[in-house]
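Pasted below: target_36.txt, compact mmCIF, C-alpha atoms and all ligand atoms.
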```
# COMPACT_ATOMS: atom_id res chain seq x y z
CA MET A 486 6.61 13.41 12.46
CA THR A 487 4.13 12.12 9.88
CA ALA A 488 5.00 9.04 7.87
CA PRO A 489 6.04 9.74 4.27
CA VAL A 490 3.47 9.11 1.53
CA ILE A 491 5.99 6.91 -0.32
CA GLU A 492 8.74 4.89 1.29
CA LEU A 493 10.88 2.39 -0.62
CA ASP A 494 13.39 0.53 1.48
CA ARG A 495 16.05 -1.40 -0.50
CA VAL A 496 13.63 -2.39 -3.23
CA THR A 497 14.72 -4.72 -6.03
CA LYS A 498 12.61 -5.86 -8.96
CA ALA A 499 13.88 -8.64 -11.20
CA TYR A 500 11.79 -9.72 -14.17
CA PRO A 501 11.72 -13.31 -15.41
CA GLY A 502 14.53 -13.67 -17.90
CA GLY A 503 17.10 -12.08 -15.65
CA VAL A 504 16.60 -8.32 -16.07
CA THR A 505 17.07 -6.49 -12.79
CA ALA A 506 14.96 -3.41 -13.53
CA LEU A 507 15.33 -1.93 -10.03
CA ASP A 508 18.41 -2.61 -7.96
CA ASP A 509 18.36 -1.86 -4.23
CA VAL A 510 16.46 1.41 -4.43
CA SER A 511 15.50 3.44 -1.36
CA LEU A 512 13.35 6.53 -1.69
CA ARG A 513 11.22 8.69 0.57
CA VAL A 514 8.64 11.17 -0.64
CA ASP A 515 6.81 13.34 1.87
CA TYR A 516 3.26 14.64 1.68
CA GLY A 517 2.98 17.67 -0.57
CA GLU A 518 6.11 17.02 -2.64
CA PHE A 519 6.31 17.33 -6.43
CA VAL A 520 9.02 14.96 -7.64
CA ALA A 521 10.41 14.25 -11.10
CA ILE A 522 11.89 10.81 -11.79
CA VAL A 523 14.42 11.35 -14.57
CA GLY A 524 16.69 9.04 -16.49
CA PRO A 525 17.30 7.40 -19.86
CA SER A 526 15.00 4.79 -21.37
CA GLY A 527 15.40 1.46 -19.61
CA SER A 528 16.69 2.94 -16.35
CA GLY A 529 13.78 1.55 -14.34
CA LYS A 530 11.51 4.59 -14.04
CA SER A 531 8.28 2.87 -15.11
CA THR A 532 9.06 -0.18 -13.02
CA MET A 533 9.43 2.06 -9.98
CA LEU A 534 6.18 3.89 -10.75
CA HIS A 535 4.32 0.58 -11.13
CA LEU A 536 5.62 -0.63 -7.77
CA ILE A 537 4.70 2.66 -6.07
CA GLY A 538 1.28 2.48 -7.71
CA THR A 539 0.89 -1.06 -6.29
CA LEU A 540 0.31 -2.40 -9.79
CA ASP A 541 3.16 -4.85 -9.23
CA ARG A 542 5.04 -6.27 -6.24
CA PRO A 543 8.80 -6.08 -5.61
CA SER A 544 11.15 -9.08 -5.68
CA SER A 545 12.61 -7.91 -2.38
CA GLY A 546 12.59 -4.87 -0.13
CA GLU A 547 9.74 -2.96 1.51
CA ILE A 548 7.25 -0.50 0.09
CA ARG A 549 5.00 1.63 2.25
CA ILE A 550 2.35 3.84 0.70
CA ASP A 551 0.48 6.24 2.97
CA GLY A 552 1.87 4.22 5.87
CA TYR A 553 0.65 0.82 4.58
CA ASP A 554 3.22 -1.93 4.06
CA VAL A 555 1.95 -3.19 0.71
CA ALA A 556 3.40 -6.69 1.26
CA LEU A 557 0.90 -7.15 4.10
CA LEU A 558 -2.13 -6.30 1.94
CA SER A 559 -4.15 -8.78 -0.10
CA ASP A 560 -4.77 -8.07 -3.79
CA ARG A 561 -8.24 -6.88 -2.85
CA GLN A 562 -6.91 -4.50 -0.20
CA LEU A 563 -4.35 -3.23 -2.70
CA SER A 564 -7.10 -2.50 -5.22
CA ALA A 565 -8.93 -0.52 -2.57
CA LEU A 566 -5.76 1.41 -1.68
CA ARG A 567 -5.26 2.22 -5.37
CA ALA A 568 -8.85 3.22 -5.97
CA ARG A 569 -9.08 5.55 -2.97
CA ARG A 570 -5.61 7.00 -2.66
CA ILE A 571 -3.75 6.92 -5.96
CA GLY A 572 -4.46 8.62 -9.30
CA PHE A 573 -2.68 7.61 -12.52
CA VAL A 574 -1.87 9.55 -15.68
CA PHE A 575 -0.22 7.83 -18.65
CA GLN A 576 1.55 8.99 -21.78
CA HIS A 577 -1.19 7.70 -24.09
CA PHE A 578 -4.14 9.14 -22.11
CA HIS A 579 -6.12 5.83 -21.99
CA LEU A 580 -9.50 7.48 -22.44
CA ALA A 581 -12.54 5.51 -23.61
CA ALA A 582 -13.29 6.51 -27.21
CA GLY A 583 -16.92 7.25 -27.97
CA ARG A 584 -17.82 8.26 -24.42
CA ASP A 585 -18.10 11.87 -23.40
CA ILE A 586 -15.44 13.26 -21.12
CA VAL A 587 -17.74 13.55 -18.09
CA THR A 588 -18.29 9.79 -18.28
CA ASN A 589 -14.58 9.19 -18.81
CA VAL A 590 -13.71 11.19 -15.71
CA GLY A 591 -16.61 9.80 -13.64
CA ASP A 592 -15.36 6.28 -14.35
CA GLY A 593 -12.37 7.15 -12.19
CA LEU A 594 -14.78 6.78 -9.24
CA LEU A 595 -16.38 3.46 -10.20
CA TYR A 596 -14.13 1.36 -7.99
CA ALA A 597 -14.64 3.68 -5.05
CA GLY A 598 -18.35 2.84 -5.24
CA VAL A 599 -19.65 6.38 -5.81
CA PRO A 600 -23.26 6.52 -7.13
CA GLU A 601 -23.73 7.72 -10.72
CA LYS A 602 -25.32 11.10 -9.99
CA GLU A 603 -22.51 12.06 -7.65
CA ARG A 604 -19.93 10.71 -10.13
CA THR A 605 -21.31 13.08 -12.74
CA GLN A 606 -21.21 16.08 -10.39
CA LEU A 607 -17.67 15.36 -9.25
CA ALA A 608 -16.52 14.69 -12.83
CA GLU A 609 -17.92 18.01 -14.01
CA ALA A 610 -16.21 19.83 -11.15
CA ALA A 611 -12.89 18.11 -11.96
CA LEU A 612 -13.19 19.06 -15.63
CA VAL A 613 -13.90 22.67 -14.69
CA ARG A 614 -10.83 22.53 -12.48
CA VAL A 615 -8.59 21.46 -15.41
CA GLY A 616 -10.05 24.18 -17.66
CA LEU A 617 -12.45 22.06 -19.74
CA GLY A 618 -15.75 23.32 -18.33
CA ASP A 619 -16.85 24.39 -21.82
CA ARG A 620 -16.15 20.94 -23.35
CA LEU A 621 -18.24 18.68 -21.11
CA THR A 622 -20.20 16.98 -23.89
CA HIS A 623 -17.13 16.41 -26.07
CA ARG A 624 -15.69 12.99 -26.76
CA PRO A 625 -11.94 12.37 -26.72
CA HIS A 626 -11.58 12.46 -30.54
CA GLN A 627 -13.04 15.99 -30.52
CA LEU A 628 -10.23 17.28 -28.32
CA SER A 629 -6.57 18.15 -28.88
CA GLY A 630 -3.82 16.03 -27.35
CA GLY A 631 -3.23 18.55 -24.58
CA GLU A 632 -6.95 18.65 -23.79
CA ARG A 633 -7.12 14.85 -23.71
CA GLN A 634 -4.31 14.77 -21.20
CA ARG A 635 -6.23 17.33 -19.11
CA VAL A 636 -9.17 14.92 -19.12
CA ALA A 637 -6.84 12.15 -17.97
CA VAL A 638 -5.57 14.41 -15.16
CA ALA A 639 -9.18 15.21 -14.17
CA ARG A 640 -9.93 11.48 -14.05
CA ALA A 641 -6.85 10.90 -11.89
CA VAL A 642 -7.78 13.56 -9.33
CA VAL A 643 -11.59 13.25 -9.30
CA GLY A 644 -11.43 10.94 -6.27
CA ASP A 645 -9.16 13.37 -4.42
CA PRO A 646 -6.21 10.96 -4.16
CA ILE A 647 -3.32 11.59 -1.80
CA LEU A 648 -0.87 10.68 -4.55
CA LEU A 649 -0.82 11.41 -8.27
CA LEU A 650 1.49 9.28 -10.42
CA ALA A 651 2.20 10.39 -13.98
CA ASP A 652 4.25 8.34 -16.47
CA GLU A 653 5.62 10.62 -19.22
CA PRO A 654 2.43 12.75 -19.27
CA THR A 655 3.94 15.12 -21.85
CA GLY A 656 5.60 12.44 -23.97
CA ASN A 657 2.89 12.54 -26.61
CA LEU A 658 2.38 16.29 -26.68
CA ASP A 659 3.91 19.26 -28.46
CA THR A 660 6.01 21.57 -26.30
CA ALA A 661 3.26 24.13 -25.61
CA SER A 662 0.62 21.52 -24.67
CA GLY A 663 3.18 19.70 -22.55
CA ALA A 664 4.00 22.90 -20.68
CA GLY A 665 0.26 23.42 -20.12
CA VAL A 666 -0.07 19.96 -18.56
CA ILE A 667 2.93 20.62 -16.29
CA ASP A 668 1.38 23.96 -15.26
CA LEU A 669 -1.80 22.09 -14.42
CA LEU A 670 0.12 19.60 -12.28
CA SER A 671 1.86 22.52 -10.55
CA GLU A 672 -1.54 24.02 -9.69
CA LEU A 673 -2.68 20.69 -8.22
CA HIS A 674 0.56 20.52 -6.27
CA GLU A 675 0.03 24.01 -4.89
CA ALA A 676 -3.44 22.90 -3.80
CA GLY A 677 -1.83 20.09 -1.80
CA THR A 678 -1.58 16.99 -4.01
CA THR A 679 1.62 14.93 -3.80
CA ILE A 680 2.85 14.28 -7.34
CA LEU A 681 5.43 11.94 -8.82
CA VAL A 682 6.09 12.41 -12.51
CA ILE A 683 8.34 10.42 -14.82
CA THR A 684 9.95 12.43 -17.56
CA HIS A 685 12.98 12.16 -19.78
CA ASP A 686 12.57 15.85 -20.67
CA ARG A 687 15.41 17.53 -18.77
CA GLU A 688 13.93 21.00 -19.19
CA ILE A 689 10.65 19.96 -17.59
CA ALA A 690 12.45 18.14 -14.77
CA ALA A 691 14.69 21.11 -14.07
CA GLY A 692 11.62 23.27 -13.43
CA LEU A 693 10.27 20.98 -10.70
CA PRO A 694 11.14 21.24 -7.01
CA ARG A 695 12.90 17.85 -6.71
CA GLN A 696 14.56 15.49 -9.18
CA VAL A 697 15.35 11.83 -8.58
CA PRO A 698 17.86 10.78 -11.26
CA MET A 699 17.96 7.11 -12.24
CA ARG A 700 20.39 4.98 -14.19
CA ASP A 701 20.61 1.21 -14.66
CA GLY A 702 17.94 0.51 -12.06
CA ARG A 703 19.49 2.67 -9.37
CA VAL A 704 18.89 6.13 -7.96
CA VAL A 705 22.11 8.00 -8.66
P1 LIG B 1 12.14 3.11 -18.09
O1 LIG B 1 10.77 3.40 -17.65
O2 LIG B 1 13.17 3.93 -17.40
O3 LIG B 1 12.29 3.19 -19.58
P2 LIG B 1 11.55 0.38 -17.39
O4 LIG B 1 11.22 0.35 -15.95
O5 LIG B 1 10.42 0.33 -18.36
O6 LIG B 1 12.51 1.61 -17.68
O7 LIG B 1 12.51 -0.87 -17.73
C1 LIG B 1 13.68 -1.17 -16.97
C2 LIG B 1 14.27 -2.46 -17.51
O8 LIG B 1 13.40 -3.56 -17.22
C3 LIG B 1 14.46 -2.48 -19.02
O9 LIG B 1 15.66 -3.18 -19.30
C4 LIG B 1 13.27 -3.24 -19.53
O10 LIG B 1 13.56 -3.89 -20.74
C5 LIG B 1 12.99 -4.22 -18.40
N1 LIG B 1 11.56 -4.56 -18.27
C6 LIG B 1 10.55 -3.68 -18.05
N2 LIG B 1 9.37 -4.32 -17.94
C7 LIG B 1 9.64 -5.65 -18.10
C8 LIG B 1 8.85 -6.86 -18.10
N3 LIG B 1 7.52 -6.82 -17.87
N4 LIG B 1 9.49 -8.03 -18.29
C9 LIG B 1 10.83 -8.09 -18.49
N5 LIG B 1 11.63 -7.01 -18.51
C10 LIG B 1 11.05 -5.80 -18.32
```
Could you write out this structure as structure tokens?
Amino acid sequence: MTAPVIELDRVTKAYPGGVTALDDVSLRVDYGEFVAIVGPSGSGKSTMLHLIGTLDRPSSGEIRIDGYDVALLSDRQLSALRARRIGFVFQHFHLAAGRDIVTNVGDGLLYAGVPEKERTQLAEAALVRVGLGDRLTHRPHQLSGGERQRVAVARAVVGDPILLLADEPTGNLDTASGAGVIDLLSELHEAGTTILVITHDREIAAGLPRQVPMRDGRVV
């Protein structure tokens, strides 16, 4: 049996000030899954995604990503794990304004130490993959919201991560563009990428293979 790509074992996260954002959460996600984390605002979804993405450490409990116990890794080793194995997509795209989209996507490989020429080739291939092959010289402000999110998805997958984490990727988009981004994620999933997506859109969540409902810091 292969180890799961994500394993949370009784994870709690308390923030200074006394908010327990995650309360004794256990979760297992296997390779190749496409999971929606659903729940109202404040239920702990983003906190969980940050912990899974190794952007933050838990107050207690164990987290294993791709078999690595993150508590045993130094900050430097965690950065390497993130750079090589995890791709992130956020609600607000986080693209660099004024730089063409090939550069934006290629920057997703900077921390993996890929030389510039290869970065450009891989970025172009990723943009073709998300349907933006005819927009390569465009800058973010020349694209629609849905297209910008496609660029962000291309940047997240350009390094061929084992895990794609998306925090409300459709939250800033109209319904049609949002559906397009979900279709794109479904295509990546069918090609083998493990995907975890946060959404408070019940309709989107209902269309995905697995839902993890959260409330008050717990999986319910
Ligand atoms: P969701 O993503 O479901 O909206 P969050 O994980 O963002 O929920 O937040 C869960 C709870 O933790 C909320 O009560 C929120 O106010 C609190 N919280 C989130 N981030 C911080 C932080 N950095 N410091 C203190 N409290 C936080």
- [ ] Determine, counting only C-alpha atoms, which protein, DNA and RNA residues have an atom within 7 Å of an atom of Val523 in chain A; residues of the same chain fewer than 5 positions away are not included. Present the result as a ChimeraX atom specification.
- [x] /A:683-685,696-699
TODO: Can you work out the spacing between CA of Gly529 in chain A and CA of Asp701 in chain A in Å, to one decimal?
DONE: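 We find that CA of Gly529 in chain A and CA of Asp701 in chain A lie 6.8 Å from each other.
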TODO: Rounded to one decimal place, report the CA of Tyr500 in chain A-atom N1 of ligand LIG 1 (chain B) distance in Å.
DONE: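 Distance reported for this atom pair: 6.6 Å.
Taking CA of Ala488 in chain A and CA of Gly517 in chain A as the two end points, the separation is 12.2 Å.
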Could you list, as a short mmCIF file (atom, residue, chain, number, x, y, z; two decimals) with C-alpha atoms, keeping the file's coordinate frame, all residues that come within 6 Å of ligand LIG 1 (chain B)? Count only C-alpha atoms and all ligand atoms.
```cif
data_model
loop_
_atom_site.label_atom_id
_atom_site.label_comp_id
_atom_site.auth_asym_id
_atom_site.auth_seq_id
_atom_site.Cartn_x
_atom_site.Cartn_y
_atom_site.Cartn_z
CA TYR A 500 11.79 -9.72 -14.17
CA VAL A 504 16.60 -8.32 -16.07
CA ALA A 506 14.96 -3.41 -13.53
CA PRO A 525 17.30 7.40 -19.86
CA SER A 526 15.00 4.79 -21.37
CA GLY A 527 15.40 1.46 -19.61
CA SER A 528 16.69 2.94 -16.35
CA GLY A 529 13.78 1.55 -14.34
CA LYS A 530 11.51 4.59 -14.04
CA SER A 531 8.28 2.87 -15.11
CA THR A 532 9.06 -0.18 -13.02
#
```
Open item on the list: Around the point (-20.8, 19.6, -24.4) (coordinates from the file), which residues reach within 12 Å if we count only C-alpha atoms? Answer as a PyMOL selection string.
Closed with: chain A and resi 584-588+609+612+617-625+627-628
Taking every listed atom of range 527-542 of chain A and adding 6 Å to each side, what centre and edge lengths in Å (one decimal) does the axis-aligned box have, as JSON?
```
{"center_x": 8.5, "center_y": -0.8, "center_z": -12.8, "size_x": 28.4, "size_y": 22.9, "size_z": 25.5}
```
- [ ] Dig up all the protein and nucleic acid residues within 8 Å of (-6.4, 20.4, -23.1) in the file frame, using only C-alpha atoms, and format them as JSON, numbers by chain.
- [x] {"A": [616, 617, 628, 629, 630, 631, 632, 633, 634, 635, 636, 662, 665, 666]}
Take range 556-596 of chain A from the block and save it with N, CA and C atoms, as an mmCIF file, in the first residue's frame.
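Saved file decode.cif follows:
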```cif
data_model
loop_
_atom_site.group_PDB
_atom_site.id
_atom_site.type_symbol
_atom_site.label_atom_id
_atom_site.label_comp_id
_atom_site.auth_asym_id
_atom_site.auth_seq_id
_atom_site.Cartn_x
_atom_site.Cartn_y
_atom_site.Cartn_z
ATOM 1 N N ALA A 556 7.199 17.895 10.626
ATOM 2 C CA ALA A 556 7.808 18.367 11.880
ATOM 3 C C ALA A 556 9.301 18.046 11.926
ATOM 4 N N LEU A 557 9.719 17.044 11.141
ATOM 5 C CA LEU A 557 11.123 16.623 11.176
ATOM 6 C C LEU A 557 11.969 17.390 10.165
ATOM 7 N N LEU A 558 11.334 18.256 9.364
ATOM 8 C CA LEU A 558 12.077 18.974 8.329
ATOM 9 C C LEU A 558 12.416 20.393 8.794
ATOM 10 N N SER A 559 13.614 20.848 8.420
ATOM 11 C CA SER A 559 13.998 22.234 8.704
ATOM 12 C C SER A 559 13.214 23.161 7.774
ATOM 13 N N ASP A 560 13.248 24.466 8.058
ATOM 14 C CA ASP A 560 12.558 25.414 7.180
ATOM 15 C C ASP A 560 13.079 25.310 5.746
ATOM 16 N N ARG A 561 14.378 25.089 5.630
ATOM 17 C CA ARG A 561 14.973 24.977 4.303
ATOM 18 C C ARG A 561 14.483 23.719 3.563
ATOM 19 N N GLN A 562 14.402 22.625 4.297
ATOM 20 C CA GLN A 562 13.892 21.387 3.682
ATOM 21 C C GLN A 562 12.419 21.537 3.319
ATOM 22 N N LEU A 563 11.675 22.272 4.158
ATOM 23 C CA LEU A 563 10.261 22.509 3.843
ATOM 24 C C LEU A 563 10.121 23.336 2.572
ATOM 25 N N SER A 564 10.971 24.347 2.421
ATOM 26 C CA SER A 564 10.921 25.163 1.197
ATOM 27 C C SER A 564 11.166 24.296 -0.028
ATOM 28 N N ALA A 565 12.109 23.377 0.099
ATOM 29 C CA ALA A 565 12.422 22.493 -1.029
ATOM 30 C C ALA A 565 11.239 21.575 -1.331
ATOM 31 N N LEU A 566 10.607 21.057 -0.282
ATOM 32 C CA LEU A 566 9.429 20.196 -0.461
ATOM 33 C C LEU A 566 8.335 20.977 -1.195
ATOM 34 N N ARG A 567 8.103 22.200 -0.747
ATOM 35 C CA ARG A 567 7.097 23.059 -1.381
ATOM 36 C C ARG A 567 7.425 23.330 -2.843
ATOM 37 N N ALA A 568 8.665 23.703 -3.077
ATOM 38 C CA ALA A 568 9.052 24.101 -4.436
ATOM 39 C C ALA A 568 8.942 22.940 -5.417
ATOM 40 N N ARG A 569 9.269 21.735 -4.966
ATOM 41 C CA ARG A 569 9.320 20.601 -5.900
ATOM 42 C C ARG A 569 8.032 19.824 -5.980
ATOM 43 N N ARG A 570 7.227 19.856 -4.912
ATOM 44 C CA ARG A 570 6.100 18.918 -4.874
ATOM 45 C C ARG A 570 4.727 19.537 -4.758
ATOM 46 N N ILE A 571 4.655 20.848 -4.459
ATOM 47 C CA ILE A 571 3.342 21.439 -4.217
ATOM 48 C C ILE A 571 3.148 22.672 -5.101
ATOM 49 N N GLY A 572 1.978 22.755 -5.741
ATOM 50 C CA GLY A 572 1.625 23.954 -6.506
ATOM 51 C C GLY A 572 0.458 24.651 -5.821
ATOM 52 N N PHE A 573 0.482 26.002 -5.834
ATOM 53 C CA PHE A 573 -0.569 26.775 -5.165
ATOM 54 C C PHE A 573 -1.332 27.649 -6.156
ATOM 55 N N VAL A 574 -2.647 27.716 -5.959
ATOM 56 C CA VAL A 574 -3.481 28.669 -6.698
ATOM 57 C C VAL A 574 -4.323 29.425 -5.670
ATOM 58 N N PHE A 575 -4.382 30.750 -5.808
ATOM 59 C CA PHE A 575 -5.112 31.564 -4.835
ATOM 60 C C PHE A 575 -6.271 32.298 -5.503
ATOM 61 N N GLN A 576 -7.183 32.779 -4.657
ATOM 62 C CA GLN A 576 -8.355 33.484 -5.171
ATOM 63 C C GLN A 576 -7.962 34.709 -6.007
ATOM 64 N N HIS A 577 -6.943 35.437 -5.542
ATOM 65 C CA HIS A 577 -6.598 36.702 -6.203
ATOM 66 C C HIS A 577 -5.424 36.570 -7.178
ATOM 67 N N PHE A 578 -5.211 35.406 -7.708
ATOM 68 C CA PHE A 578 -4.263 35.117 -8.794
ATOM 69 C C PHE A 578 -2.786 35.296 -8.406
ATOM 70 N N HIS A 579 -2.446 36.453 -7.778
ATOM 71 C CA HIS A 579 -1.055 36.745 -7.395
ATOM 72 C C HIS A 579 -0.091 36.653 -8.570
ATOM 73 N N LEU A 580 -0.440 37.297 -9.674
ATOM 74 C CA LEU A 580 0.481 37.360 -10.807
ATOM 75 C C LEU A 580 1.256 38.677 -10.736
ATOM 76 N N ALA A 581 2.470 38.670 -11.291
ATOM 77 C CA ALA A 581 3.275 39.891 -11.309
ATOM 78 C C ALA A 581 2.791 40.778 -12.454
ATOM 79 N N ALA A 582 2.303 41.967 -12.110
ATOM 80 C CA ALA A 582 1.828 42.912 -13.127
ATOM 81 C C ALA A 582 3.021 43.383 -13.947
ATOM 82 N N GLY A 583 2.807 43.647 -15.214
ATOM 83 C CA GLY A 583 3.884 44.212 -16.023
ATOM 84 C C GLY A 583 4.866 43.179 -16.547
ATOM 85 N N ARG A 584 4.673 41.921 -16.226
ATOM 86 C CA ARG A 584 5.550 40.876 -16.779
ATOM 87 C C ARG A 584 4.685 39.927 -17.591
ATOM 88 N N ASP A 585 5.202 39.521 -18.732
ATOM 89 C CA ASP A 585 4.374 38.670 -19.598
ATOM 90 C C ASP A 585 4.098 37.333 -18.902
ATOM 91 N N ILE A 586 3.100 36.628 -19.426
ATOM 92 C CA ILE A 586 2.624 35.458 -18.694
ATOM 93 C C ILE A 586 3.617 34.299 -18.750
ATOM 94 N N VAL A 587 4.461 34.257 -19.792
ATOM 95 C CA VAL A 587 5.492 33.206 -19.824
ATOM 96 C C VAL A 587 6.449 33.395 -18.648
ATOM 97 N N THR A 588 6.819 34.651 -18.394
ATOM 98 C CA THR A 588 7.711 34.934 -17.265
ATOM 99 C C THR A 588 7.019 34.615 -15.947
ATOM 100 N N ASN A 589 5.744 35.011 -15.855
ATOM 101 C CA ASN A 589 4.990 34.717 -14.629
ATOM 102 C C ASN A 589 4.981 33.219 -14.331
ATOM 103 N N VAL A 590 4.713 32.430 -15.356
ATOM 104 C CA VAL A 590 4.632 30.981 -15.156
ATOM 105 C C VAL A 590 6.031 30.393 -14.904
ATOM 106 N N GLY A 591 7.016 30.866 -15.657
ATOM 107 C CA GLY A 591 8.388 30.371 -15.504
ATOM 108 C C GLY A 591 8.921 30.629 -14.097
ATOM 109 N N ASP A 592 8.465 31.723 -13.478
ATOM 110 C CA ASP A 592 8.918 32.029 -12.123
ATOM 111 C C ASP A 592 8.520 30.946 -11.120
ATOM 112 N N GLY A 593 7.506 30.154 -11.498
ATOM 113 C CA GLY A 593 7.124 29.034 -10.638
ATOM 114 C C GLY A 593 8.246 28.000 -10.510
ATOM 115 N N LEU A 594 9.267 28.103 -11.352
ATOM 116 C CA LEU A 594 10.377 27.134 -11.336
ATOM 117 C C LEU A 594 11.658 27.705 -10.750
ATOM 118 N N LEU A 595 11.630 28.980 -10.367
ATOM 119 C CA LEU A 595 12.846 29.635 -9.876
ATOM 120 C C LEU A 595 13.460 28.886 -8.704
ATOM 121 N N TYR A 596 12.607 28.513 -7.741
ATOM 122 C CA TYR A 596 13.133 27.907 -6.520
ATOM 123 C C TYR A 596 13.552 26.463 -6.729
#
```
